[in-house]
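Visitor: Input structure: start_33.cif, which contains mmCIF, C-alpha atoms.
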```cif
data_coords
loop_
_atom_site.label_atom_id
_atom_site.label_comp_id
_atom_site.auth_asym_id
_atom_site.auth_seq_id
_atom_site.Cartn_x
_atom_site.Cartn_y
_atom_site.Cartn_z
CA MET A 1 -48.66 -19.25 -23.11
CA LYS A 2 -47.99 -21.13 -19.91
CA ARG A 3 -44.94 -22.78 -21.52
CA LYS A 4 -43.56 -19.38 -22.55
CA SER A 5 -44.00 -18.10 -19.01
CA LEU A 6 -42.13 -21.07 -17.60
CA ILE A 7 -39.29 -20.54 -20.08
CA ALA A 8 -39.10 -16.84 -19.21
CA LEU A 9 -39.06 -17.68 -15.50
CA ALA A 10 -36.27 -20.20 -16.06
CA LEU A 11 -34.21 -17.63 -17.96
CA VAL A 12 -34.67 -15.09 -15.17
CA SER A 13 -33.57 -17.72 -12.65
CA LEU A 14 -30.48 -18.55 -14.70
CA VAL A 15 -29.55 -14.87 -14.93
CA ALA A 16 -30.05 -14.44 -11.20
CA MET A 17 -27.88 -17.47 -10.50
CA SER A 18 -25.10 -16.19 -12.76
CA VAL A 19 -25.15 -12.78 -11.06
CA GLN A 20 -25.18 -14.37 -7.61
CA ALA A 21 -22.12 -16.48 -8.42
CA GLN A 22 -20.04 -13.35 -9.00
CA VAL A 23 -17.63 -11.96 -6.42
CA LYS A 24 -17.97 -8.19 -6.09
CA VAL A 25 -14.96 -6.19 -4.95
CA GLY A 26 -15.05 -2.47 -4.20
CA ILE A 27 -11.82 -0.63 -5.03
CA ILE A 28 -11.20 2.82 -3.51
CA THR A 29 -8.09 4.83 -4.41
CA GLY A 30 -7.08 8.48 -4.50
CA ALA A 31 -6.66 8.78 -8.26
CA THR A 32 -6.98 12.55 -7.97
CA GLY A 33 -5.89 15.06 -5.33
CA PRO A 34 -2.46 15.33 -3.67
CA GLY A 35 -2.03 11.56 -3.57
CA ALA A 36 -2.81 10.96 -7.25
CA SER A 37 0.73 9.83 -8.11
CA LEU A 38 0.09 6.86 -5.82
CA GLY A 39 -3.62 6.37 -6.36
CA ILE A 40 -3.41 6.06 -10.15
CA PRO A 41 -1.00 3.08 -10.20
CA TYR A 42 -2.94 1.48 -7.34
CA LYS A 43 -6.03 1.69 -9.57
CA ASN A 44 -4.30 0.66 -12.79
CA THR A 45 -3.44 -2.82 -11.53
CA PHE A 46 -7.09 -3.83 -11.37
CA THR A 47 -7.37 -3.36 -15.14
CA VAL A 48 -4.77 -6.06 -15.87
CA LEU A 49 -5.89 -8.78 -13.45
CA PRO A 50 -7.56 -12.07 -14.42
CA LYS A 51 -11.35 -12.10 -14.81
CA THR A 52 -11.73 -14.54 -11.94
CA LEU A 53 -10.92 -14.41 -8.23
CA GLY A 54 -10.46 -17.64 -6.34
CA GLY A 55 -12.07 -19.50 -9.24
CA GLU A 56 -15.17 -17.26 -9.20
CA ALA A 57 -16.17 -14.61 -11.72
CA VAL A 58 -15.24 -11.20 -10.34
CA GLN A 59 -16.51 -7.63 -10.75
CA TYR A 60 -14.25 -4.77 -9.62
CA ILE A 61 -16.12 -1.55 -8.87
CA ILE A 62 -13.50 1.22 -8.85
CA MET A 63 -14.06 4.58 -7.13
CA ASP A 64 -11.89 7.68 -6.64
CA ASP A 65 -11.88 9.36 -3.21
CA GLY A 66 -9.75 12.32 -4.34
CA THR A 67 -7.32 11.58 -1.47
CA ASP A 68 -10.11 12.73 0.87
CA PRO A 69 -11.08 10.59 3.90
CA THR A 70 -14.65 11.95 3.85
CA ASN A 71 -15.12 10.75 0.28
CA ALA A 72 -13.55 7.41 1.16
CA VAL A 73 -16.15 6.86 3.89
CA LYS A 74 -19.02 7.75 1.54
CA HIS A 75 -17.72 5.41 -1.14
CA ALA A 76 -17.19 2.53 1.29
CA ARG A 77 -20.72 2.84 2.68
CA LYS A 78 -22.24 2.94 -0.81
CA LEU A 79 -20.18 -0.01 -2.07
CA ILE A 80 -21.26 -2.19 0.84
CA SER A 81 -24.85 -1.03 1.37
CA GLU A 82 -25.93 -0.44 -2.24
CA ASP A 83 -23.54 -2.36 -4.49
CA LYS A 84 -23.38 -5.30 -2.07
CA VAL A 85 -19.64 -5.90 -2.44
CA ASP A 86 -18.04 -8.85 -0.68
CA LEU A 87 -14.73 -7.11 -0.09
CA ILE A 88 -13.30 -3.58 0.05
CA ILE A 89 -9.74 -2.92 -1.16
CA GLY A 90 -8.36 0.54 -0.35
CA SER A 91 -7.66 3.25 0.05
CA SER A 92 -4.30 4.54 -1.15
CA SER A 93 -3.60 7.14 1.57
CA VAL A 94 -3.30 6.43 5.29
CA PRO A 95 -6.03 8.89 6.41
CA ALA A 96 -8.49 7.54 3.82
CA ALA A 97 -7.68 3.87 4.46
CA THR A 98 -7.99 4.39 8.20
CA SER A 99 -11.35 6.14 7.83
CA ILE A 100 -12.76 3.15 5.94
CA THR A 101 -11.94 0.75 8.78
CA ASP A 102 -14.89 1.90 10.88
CA ILE A 103 -17.29 1.20 8.01
CA ALA A 104 -15.76 -2.24 7.44
CA SER A 105 -16.28 -3.06 11.11
CA GLU A 106 -19.80 -1.62 11.30
CA LEU A 107 -21.03 -3.41 8.15
CA LYS A 108 -18.97 -6.57 8.72
CA THR A 109 -17.19 -6.53 5.39
CA PRO A 110 -13.50 -7.44 5.09
CA GLN A 111 -11.14 -4.64 4.03
CA ILE A 112 -7.68 -5.06 2.54
CA ALA A 113 -6.02 -1.70 3.10
CA LEU A 114 -3.60 -0.49 0.44
CA SER A 115 -1.77 1.75 2.91
CA PRO A 116 -0.86 1.17 6.56
CA VAL A 117 -3.53 1.98 9.11
CA GLY A 118 -3.12 3.38 12.60
CA PRO A 119 -2.70 1.25 15.72
CA ALA A 120 -6.38 1.41 16.73
CA ALA A 121 -7.61 0.47 13.25
CA SER A 122 -5.07 -2.34 13.00
CA LYS A 123 -6.87 -4.09 15.88
CA ASN A 124 -10.06 -4.20 13.84
CA PRO A 125 -10.80 -7.88 13.04
CA TRP A 126 -12.20 -6.95 9.61
CA VAL A 127 -9.10 -5.08 8.41
CA PHE A 128 -5.97 -6.48 6.76
CA THR A 129 -3.06 -4.43 5.43
CA ILE A 130 -0.77 -4.96 2.46
CA PRO A 131 2.00 -2.33 2.83
CA GLN A 132 4.74 -3.15 5.27
CA PRO A 133 4.41 -1.57 8.73
CA ALA A 134 6.58 1.52 9.09
CA ALA A 135 8.49 -0.04 11.98
CA ILE A 136 9.74 -2.90 9.77
CA MET A 137 10.76 -0.55 6.97
CA MET A 138 12.43 2.04 9.17
CA GLY A 139 14.45 -0.75 10.72
CA ALA A 140 16.35 -1.00 7.43
CA VAL A 141 16.96 2.77 7.58
CA ALA A 142 18.24 2.61 11.16
CA ASP A 143 20.54 -0.32 10.30
CA HIS A 144 22.07 1.64 7.43
CA MET A 145 22.51 4.80 9.51
CA LYS A 146 24.21 2.84 12.28
CA ALA A 147 26.56 1.17 9.79
CA ASN A 148 27.45 4.61 8.42
CA ASN A 149 28.13 6.17 11.84
CA VAL A 150 25.07 8.44 11.89
CA LYS A 151 24.72 9.69 15.47
CA ASN A 152 21.95 12.26 15.18
CA VAL A 153 19.07 12.67 12.76
CA ALA A 154 16.39 15.28 12.03
CA TYR A 155 12.87 14.38 10.94
CA ILE A 156 10.40 16.17 8.67
CA GLY A 157 7.14 14.48 7.69
CA PHE A 158 3.50 15.00 6.81
CA SER A 159 1.32 16.55 9.49
CA ASP A 160 -1.05 13.59 9.37
CA ALA A 161 -1.24 9.88 10.18
CA TRP A 162 1.45 8.91 7.66
CA GLY A 163 3.89 11.37 9.18
CA ASP A 164 3.12 9.88 12.59
CA LEU A 165 3.64 6.31 11.42
CA VAL A 166 7.03 7.01 9.84
CA LEU A 167 8.25 8.98 12.86
CA ASN A 168 7.09 6.30 15.28
CA GLY A 169 8.78 3.66 13.11
CA LEU A 170 12.02 5.62 13.30
CA LYS A 171 11.72 6.04 17.06
CA THR A 172 11.23 2.28 17.44
CA HIS A 173 14.82 1.70 16.28
CA ALA A 174 16.72 4.96 16.89
CA GLU A 175 17.67 4.56 20.54
CA ALA A 176 18.82 0.95 20.14
CA ALA A 177 20.95 2.03 17.18
CA GLY A 178 22.55 4.83 19.21
CA ILE A 179 20.87 7.55 17.13
CA LYS A 180 19.45 10.75 18.62
CA ILE A 181 16.51 12.52 16.98
CA VAL A 182 17.42 16.22 17.22
CA ALA A 183 14.47 17.81 15.37
CA GLU A 184 10.87 16.97 14.48
CA GLU A 185 9.21 19.11 11.81
CA ARG A 186 5.93 18.71 9.88
CA TYR A 187 4.37 19.95 6.65
CA GLY A 188 1.09 19.54 4.75
CA ARG A 189 0.57 17.39 1.67
CA ASN A 190 -0.46 20.46 -0.32
CA ASP A 191 2.31 22.77 0.93
CA THR A 192 4.51 24.34 -1.72
CA SER A 193 7.34 25.39 0.60
CA VAL A 194 9.11 23.91 3.62
CA ALA A 195 11.85 26.56 3.80
CA GLY A 196 11.12 27.46 7.41
CA GLN A 197 11.17 23.87 8.60
CA ILE A 198 14.39 23.11 6.72
CA LEU A 199 16.14 26.13 8.25
CA LYS A 200 15.23 24.82 11.70
CA ILE A 201 16.55 21.38 10.78
CA LEU A 202 19.84 22.76 9.42
CA SER A 203 20.37 24.71 12.64
CA THR A 204 20.70 21.36 14.48
CA ASN A 205 23.50 20.21 12.12
CA PRO A 206 22.18 16.65 11.74
CA ASP A 207 24.24 13.80 10.30
CA ALA A 208 21.15 12.68 8.37
CA VAL A 209 17.54 13.70 7.67
CA VAL A 210 14.56 11.35 7.49
CA VAL A 211 11.59 12.46 5.37
CA GLY A 212 8.16 11.14 6.29
CA GLY A 213 6.28 12.08 3.13
CA SER A 214 4.81 10.06 0.29
CA GLY A 215 4.22 10.42 -3.43
CA THR A 216 5.40 13.55 -5.21
CA PRO A 217 4.94 15.77 -2.10
CA GLY A 218 7.58 13.58 -0.44
CA ALA A 219 10.26 15.12 -2.67
CA LEU A 220 9.80 18.71 -1.41
CA PRO A 221 11.95 18.51 1.77
CA HIS A 222 14.79 16.72 -0.03
CA VAL A 223 14.78 19.27 -2.87
CA THR A 224 14.84 22.10 -0.34
CA LEU A 225 17.72 20.51 1.57
CA ALA A 226 19.71 20.21 -1.65
CA GLU A 227 19.01 23.82 -2.58
CA ARG A 228 20.31 24.86 0.85
CA GLY A 229 23.53 22.92 0.29
CA TYR A 230 22.94 20.09 2.76
CA LYS A 231 25.55 17.35 2.29
CA GLY A 232 24.38 14.75 4.81
CA LYS A 233 22.45 11.59 4.04
CA VAL A 234 18.72 11.84 3.31
CA TYR A 235 16.42 8.87 3.94
CA HIS A 236 12.86 8.45 2.70
CA ASN A 237 10.33 5.67 3.25
CA HIS A 238 8.38 3.17 1.18
CA GLY A 239 5.74 5.79 0.38
CA VAL A 240 7.85 7.43 -2.36
CA ILE A 241 8.77 4.49 -4.56
CA ASN A 242 7.48 5.57 -7.95
CA LYS A 243 8.65 7.32 -11.11
CA ASP A 244 6.76 10.55 -10.43
CA PHE A 245 8.71 11.05 -7.20
CA LEU A 246 11.97 10.63 -9.12
CA ARG A 247 10.77 12.97 -11.86
CA VAL A 248 9.71 15.75 -9.47
CA GLY A 249 12.88 15.46 -7.36
CA GLY A 250 15.22 15.24 -10.33
CA LYS A 251 18.94 15.68 -9.65
CA ASN A 252 18.24 17.20 -6.24
CA ILE A 253 17.33 13.82 -4.76
CA GLU A 254 20.25 11.84 -6.22
CA GLY A 255 21.88 9.73 -3.49
CA GLY A 256 18.72 9.54 -1.39
CA PHE A 257 17.92 6.25 0.33
CA ALA A 258 14.59 4.49 0.89
CA PRO A 259 13.33 1.11 2.07
CA THR A 260 11.03 -0.71 -0.34
CA GLY A 261 9.54 -4.06 -1.09
CA PRO A 262 11.76 -6.40 -3.15
CA VAL A 263 9.59 -5.97 -6.27
CA MET A 264 11.34 -2.75 -7.29
CA VAL A 265 14.67 -4.51 -7.74
CA ALA A 266 13.39 -7.98 -8.57
CA GLU A 267 15.94 -8.57 -11.32
CA GLN A 268 18.74 -7.84 -8.87
CA LEU A 269 17.51 -10.48 -6.36
CA PRO A 270 18.83 -14.04 -6.14
CA ASP A 271 16.56 -16.74 -7.55
CA SER A 272 16.13 -18.09 -4.02
CA ASN A 273 14.24 -14.97 -2.94
CA PRO A 274 10.59 -16.06 -2.38
CA THR A 275 9.17 -12.81 -3.82
CA LYS A 276 11.08 -12.89 -7.12
CA LYS A 277 8.68 -15.08 -9.13
CA ALA A 278 5.56 -13.05 -8.27
CA SER A 279 7.47 -9.80 -8.81
CA LEU A 280 8.53 -10.76 -12.32
CA GLU A 281 5.02 -12.00 -13.17
CA PHE A 282 3.52 -8.72 -11.96
CA THR A 283 6.09 -6.68 -13.87
CA LYS A 284 5.33 -8.55 -17.11
CA ALA A 285 1.58 -8.00 -16.77
CA TYR A 286 1.76 -4.37 -15.67
CA GLU A 287 4.41 -3.19 -18.10
CA GLY A 288 2.70 -5.15 -20.86
CA ALA A 289 -0.28 -2.85 -20.41
CA PHE A 290 1.35 0.45 -19.42
CA GLY A 291 4.78 0.31 -21.03
CA ALA A 292 8.37 -0.54 -20.16
CA GLY A 293 9.64 1.04 -16.96
CA THR A 294 6.18 1.71 -15.48
CA ARG A 295 6.55 -0.82 -12.66
CA ASN A 296 6.08 0.80 -9.25
CA ALA A 297 5.67 -0.28 -5.66
CA PHE A 298 2.07 0.96 -5.37
CA ALA A 299 0.70 -0.96 -8.32
CA ALA A 300 2.46 -3.98 -6.83
CA TYR A 301 0.62 -3.50 -3.50
CA SER A 302 -2.64 -3.84 -5.42
CA TYR A 303 -1.29 -7.02 -7.02
CA ASP A 304 -0.49 -8.46 -3.60
CA ALA A 305 -4.02 -7.57 -2.45
CA TYR A 306 -5.28 -9.57 -5.42
CA LEU A 307 -3.08 -12.54 -4.48
CA LEU A 308 -4.37 -12.55 -0.91
CA ALA A 309 -7.99 -12.17 -2.03
CA ASN A 310 -7.55 -14.89 -4.65
CA SER A 311 -6.40 -17.35 -2.01
CA ALA A 312 -9.08 -16.38 0.51
CA VAL A 313 -12.01 -16.33 -1.95
CA ALA A 314 -11.17 -19.87 -3.08
CA GLU A 315 -11.47 -21.03 0.52
CA ALA A 316 -14.54 -18.96 1.42
CA ALA A 317 -16.47 -20.10 -1.67
CA LYS A 318 -16.41 -23.66 -0.32
CA LYS A 319 -18.40 -22.54 2.72
CA ALA A 320 -20.91 -19.91 1.56
CA LYS A 321 -22.44 -18.22 -1.47
CA THR A 322 -21.04 -14.91 -2.65
CA GLY A 323 -23.11 -11.85 -1.88
CA THR A 324 -24.13 -13.08 1.57
CA PRO A 325 -23.10 -12.15 5.14
CA GLU A 326 -21.94 -15.73 5.55
CA PHE A 327 -19.54 -15.37 2.62
CA ARG A 328 -18.12 -12.12 3.98
CA GLN A 329 -17.52 -13.79 7.34
CA ALA A 330 -15.91 -16.81 5.67
CA LEU A 331 -13.75 -14.49 3.56
CA ARG A 332 -12.60 -12.58 6.65
CA ASP A 333 -11.75 -15.86 8.38
CA ALA A 334 -9.87 -17.13 5.33
CA LEU A 335 -7.81 -13.94 5.10
CA GLU A 336 -6.87 -14.36 8.75
CA ARG A 337 -5.64 -17.88 7.99
CA THR A 338 -3.42 -16.75 5.09
CA LYS A 339 -0.22 -18.77 5.09
CA ASN A 340 2.85 -18.49 2.85
CA VAL A 341 1.34 -16.40 0.09
CA ASN A 342 4.38 -15.23 -1.87
CA GLY A 343 3.68 -11.70 -3.05
CA THR A 344 5.75 -9.04 -4.76
CA HIS A 345 6.49 -7.20 -1.52
CA ALA A 346 6.46 -9.95 1.08
CA VAL A 347 5.60 -13.47 2.13
CA TYR A 348 2.25 -13.06 3.88
CA ASN A 349 1.37 -15.06 7.00
CA MET A 350 -1.66 -13.67 8.85
CA THR A 351 -2.70 -14.58 12.38
CA THR A 352 -5.48 -13.53 14.74
CA THR A 353 -3.17 -10.89 16.21
CA ASP A 354 -1.26 -9.88 13.08
CA HIS A 355 -3.24 -8.72 10.05
CA ALA A 356 -0.13 -7.50 8.19
CA GLY A 357 1.70 -10.80 8.37
CA VAL A 358 5.10 -9.73 7.05
CA ASP A 359 8.68 -9.96 8.31
CA SER A 360 12.11 -8.63 7.33
CA ARG A 361 11.88 -10.42 3.97
CA ALA A 362 9.46 -7.61 3.02
CA ARG A 363 12.17 -4.96 2.80
CA VAL A 364 15.31 -4.00 0.96
CA LEU A 365 17.16 -0.68 0.94
CA VAL A 366 17.57 1.18 -2.33
CA VAL A 367 19.46 4.31 -3.36
CA ILE A 368 18.68 6.78 -6.15
CA GLU A 369 21.34 6.59 -8.86
CA ASN A 370 20.99 8.28 -12.25
CA GLY A 371 17.29 8.77 -11.72
CA ASP A 372 16.46 5.18 -10.77
CA TRP A 373 16.38 2.83 -7.78
CA LYS A 374 19.43 0.62 -7.16
CA LEU A 375 19.67 -2.14 -4.57
CA VAL A 376 21.99 -1.38 -1.64
CA LYS A 377 23.85 -4.62 -0.98
#
```
Starting from the file, lay out its structure as structure tokens.

Guide:
Amino acid sequence: MKRKSLIALALVSLVAMSVQAQVKVGIITGATGPGASLGIPYKNTFTVLPKTLGGEAVQYIIMDDGTDPTNAVKHARKLISEDKVDLIIGSSSVPAATSITDIASELKTPQIALSPVGPAASKNPWVFTIPQPAAIMMGAVADHMKANNVKNVAYIGFSDAWGDLVLNGLKTHAEAAGIKIVAEERYGRNDTSVAGQILKILSTNPDAVVVGGSGTPGALPHVTLAERGYKGKVYHNHGVINKDFLRVGGKNIEGGFAPTGPVMVAEQLPDSNPTKKASLEFTKAYEGAFGAGTRNAFAAYSYDAYLLANSAVAEAAKKAKTGTPEFRQALRDALERTKNVNGTHAVYNMTTTDHAGVDSRARVLVVIENGDWKLVK
């Protein structure tokens, strides 16, 4: 009887050890709600990743916040306090991702945000961001406008943090490029009409219009401009780079420009581009699971989050056991020391003062031609 008890105890210990050796990662995306066209591909990537992370077995716990910051906070707290995750990845909208940052700081758990966070949150030592800062991306827009003799521009964007980030990114470059912003209009993610705002914009006779939306709601201003006969250039941002945006906009958004990570035109890049290899590997894995032509920038952000976590977990596992505060601290420190991780969107180099870690190699400008994205050379 005693021998059986010892065997049972040994088996329990082995099970406990195997569970303990597992890295737990909490994934939060807005797979429903107004940001679903982004949240779904963000989520999909985690179904095609390897079963290990940094050489350790990994468990991804995926939750849907419905594109609602309140839900994102609840999920983050549960994942950390109850599920004991080592890392949070998410969320897929700026308001939701930003709301999680306070929980990451409070509970000392590293967060890799899948959308840019606001200036205050970006100073949080526990938060790292994958998407390119709006200022870097809008620099490509300003360069193109200047080269095409655009002197004045009107802006219409979401009435939330994403709209603020895109507008501020534009303002960072406009004056130096000799471009005057003649109108600033806003709209809600769930709005079905922006007719009033577009009439105000048209009254200023702008050379170009910049749209600060994302996902399928980002198409609404451009469609409305086309319906009103606007012939000037229309620029978007990296928050619209997916097939659903193209489908919803249809012919009305032909000729529109947007900055994006190199992954969306990987085949058009020279072999010397440091992001090309990872981009093609991601495309093969993602389209192998979801079909030809399903590649999108948002799924690729999740892939880059995996690449960063893979590198950092391998380093952190040398210093502490998974599932412990010491491991979470070591993981945070390893993320901050990220150097030359070649992703699909960028080459990532983190520092103590820069938790985005990207430069101009993280952007290209594309134009919509025949319902697809084409590299502007």

Visitor: Enumerate, as a CSV table (one decimal) with C-alpha atoms, in the coordinates of the input, the residues matched when the PyMOL selection byres ((chain A and resi 42) around 10) is run on the file above.

Guide:
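Wrote it out as expr_31.csv, contents follow:
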```
chain,number,residue,atom,x,y,z
A,27,ILE,CA,-11.8,-0.6,-5.0
A,28,ILE,CA,-11.2,2.8,-3.5
A,29,THR,CA,-8.1,4.8,-4.4
A,30,GLY,CA,-7.1,8.5,-4.5
A,31,ALA,CA,-6.7,8.8,-8.3
A,36,ALA,CA,-2.8,11.0,-7.2
A,37,SER,CA,0.7,9.8,-8.1
A,38,LEU,CA,0.1,6.9,-5.8
A,39,GLY,CA,-3.6,6.4,-6.4
A,40,ILE,CA,-3.4,6.1,-10.2
A,41,PRO,CA,-1.0,3.1,-10.2
A,43,LYS,CA,-6.0,1.7,-9.6
A,44,ASN,CA,-4.3,0.7,-12.8
A,45,THR,CA,-3.4,-2.8,-11.5
A,46,PHE,CA,-7.1,-3.8,-11.4
A,90,GLY,CA,-8.4,0.5,-0.4
A,91,SER,CA,-7.7,3.2,0.0
A,92,SER,CA,-4.3,4.5,-1.2
A,114,LEU,CA,-3.6,-0.5,0.4
A,296,ASN,CA,6.1,0.8,-9.2
A,297,ALA,CA,5.7,-0.3,-5.7
A,298,PHE,CA,2.1,1.0,-5.4
A,299,ALA,CA,0.7,-1.0,-8.3
A,300,ALA,CA,2.5,-4.0,-6.8
A,301,TYR,CA,0.6,-3.5,-3.5
A,302,SER,CA,-2.6,-3.8,-5.4
A,303,TYR,CA,-1.3,-7.0,-7.0
```

Visitor: If the PyMOL selection byres ((chain A and resi 322-324) around 10) were run on this exact file, what residues would it hold? Put them as a VMD selection string.

Guide: chain A and resid 19 to 24 56 83 to 87 313 316 to 317 319 to 321 325 to 331

Visitor: When the PyMOL selection byres ((chain A and resi 251) around 12) is applied to the structure above, which residues does it catch, written out as number ranges by chain?

Guide: A: 219, 222-223, 226-227, 245-250, 252-256, 368-372

Visitor: Calculated over only C-alpha atoms, which of the candidates A:Phe128, A:Met137, A:Val263, A:Pro274 has the smallest distance to Ala334 (chain A)?

Guide: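 The answer is A:Phe128, which sits nearest to Ala334 (chain A).
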
Visitor: Neighbours of region 175-179 of chain A within 10 Å (all atoms listed in the file; same-chain residues fewer than 4 positions away dropped), as a ChimeraX atom specification?

Guide: /A:139,142-147,149-153,170-171,207

Visitor: For a quick check of understanding, using all atoms listed in the file, which of A:Asn349, A:Asn205, A:Thr172, A:Thr52 has the smallest distance to Ala140 (chain A)?

Guide: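 Of A:Asn349, A:Asn205, A:Thr172, A:Thr52, the one nearest Ala140 (chain A) is A:Thr172, counting all atoms listed in the file.
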
Visitor: Near region 233-237 of chain A, within 6 Å and counting all atoms listed in the file, which residues show up once chain neighbours fewer than 6 positions away are dropped, as JSON, numbers by chain?

Guide: {"A": [208, 209, 210, 211, 256, 257, 258, 259]}

Visitor: Just give me the gap between CA of Thr204 (chain A) and CA of Ile156 (chain A) in Å, one decimal is fine.

Guide: 12.9 Å

Visitor: A:Thr70, A:Asn242, A:Asn168, A:Ser214: which is nearest Ser115 (chain A), counting all atoms listed in the file?

Guide: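 For Ser115 (chain A), the nearest of the candidates is A:Ser214.
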
Visitor: Just to confirm, what's the straight-line distance from CA of Val73 (chain A) to CA of Thr98 (chain A) in Å (one decimal)?

Guide: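 Spanning CA of Val73 (chain A) to CA of Thr98 (chain A) is a straight-line distance of 9.6 Å.
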
Visitor: With all atoms listed in the file as the basis for distance, which of A:Leu53, A:Pro217, A:Thr353, A:Thr260 is at the shortest distance from Ser311 (chain A)?

Guide: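 Smallest distance to Ser311 (chain A) is found for A:Leu53.
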
Visitor: Atoms are missing here; could region 57-72 of chain A be completed with N, CA, C and O atoms and written as a tab-separated table (two decimals), in the coordinates of the input?

Guide:
```
chain	number	residue	atom	x	y	z
A	57	ALA	N	-16.12	-15.83	-10.91
A	57	ALA	CA	-16.17	-14.61	-11.72
A	57	ALA	C	-16.10	-13.41	-10.78
A	57	ALA	O	-16.65	-13.43	-9.68
A	58	VAL	N	-15.42	-12.34	-11.22
A	58	VAL	CA	-15.24	-11.20	-10.34
A	58	VAL	C	-15.63	-9.90	-11.04
A	58	VAL	O	-15.40	-9.74	-12.25
A	59	GLN	N	-16.22	-8.99	-10.29
A	59	GLN	CA	-16.51	-7.63	-10.75
A	59	GLN	C	-15.80	-6.65	-9.83
A	59	GLN	O	-16.02	-6.65	-8.62
A	60	TYR	N	-14.92	-5.82	-10.38
A	60	TYR	CA	-14.25	-4.77	-9.62
A	60	TYR	C	-14.99	-3.45	-9.86
A	60	TYR	O	-15.13	-3.02	-10.99
A	61	ILE	N	-15.46	-2.84	-8.79
A	61	ILE	CA	-16.12	-1.55	-8.87
A	61	ILE	C	-15.13	-0.51	-8.32
A	61	ILE	O	-14.85	-0.49	-7.13
A	62	ILE	N	-14.60	0.32	-9.21
A	62	ILE	CA	-13.50	1.22	-8.85
A	62	ILE	C	-14.01	2.63	-8.62
A	62	ILE	O	-14.73	3.19	-9.46
A	63	MET	N	-13.63	3.23	-7.48
A	63	MET	CA	-14.06	4.58	-7.13
A	63	MET	C	-12.86	5.42	-6.70
A	63	MET	O	-11.90	4.91	-6.13
A	64	ASP	N	-12.96	6.72	-6.96
A	64	ASP	CA	-11.89	7.68	-6.64
A	64	ASP	C	-12.33	8.54	-5.47
A	64	ASP	O	-13.36	9.20	-5.53
A	65	ASP	N	-11.53	8.54	-4.37
A	65	ASP	CA	-11.88	9.36	-3.21
A	65	ASP	C	-11.20	10.73	-3.22
A	65	ASP	O	-11.37	11.53	-2.29
A	66	GLY	N	-10.40	11.01	-4.26
A	66	GLY	CA	-9.75	12.32	-4.34
A	66	GLY	C	-8.76	12.57	-3.23
A	66	GLY	O	-8.46	13.72	-2.89
A	67	THR	N	-8.23	11.49	-2.63
A	67	THR	CA	-7.32	11.58	-1.47
A	67	THR	C	-8.00	12.29	-0.30
A	67	THR	O	-7.36	13.03	0.45
A	68	ASP	N	-9.30	12.06	-0.15
A	68	ASP	CA	-10.11	12.73	0.87
A	68	ASP	C	-10.80	11.67	1.73
A	68	ASP	O	-11.62	10.89	1.22
A	69	PRO	N	-10.48	11.60	3.04
A	69	PRO	CA	-11.08	10.59	3.90
A	69	PRO	C	-12.61	10.64	3.94
A	69	PRO	O	-13.26	9.60	4.04
A	70	THR	N	-13.19	11.83	3.84
A	70	THR	CA	-14.65	11.95	3.85
A	70	THR	C	-15.25	11.24	2.64
A	70	THR	O	-16.25	10.52	2.76
A	71	ASN	N	-14.65	11.44	1.49
A	71	ASN	CA	-15.12	10.75	0.28
A	71	ASN	C	-14.93	9.25	0.41
A	71	ASN	O	-15.78	8.46	-0.04
A	72	ALA	N	-13.82	8.84	1.01
A	72	ALA	CA	-13.55	7.41	1.16
A	72	ALA	C	-14.65	6.73	1.98
A	72	ALA	O	-15.11	5.63	1.64
```
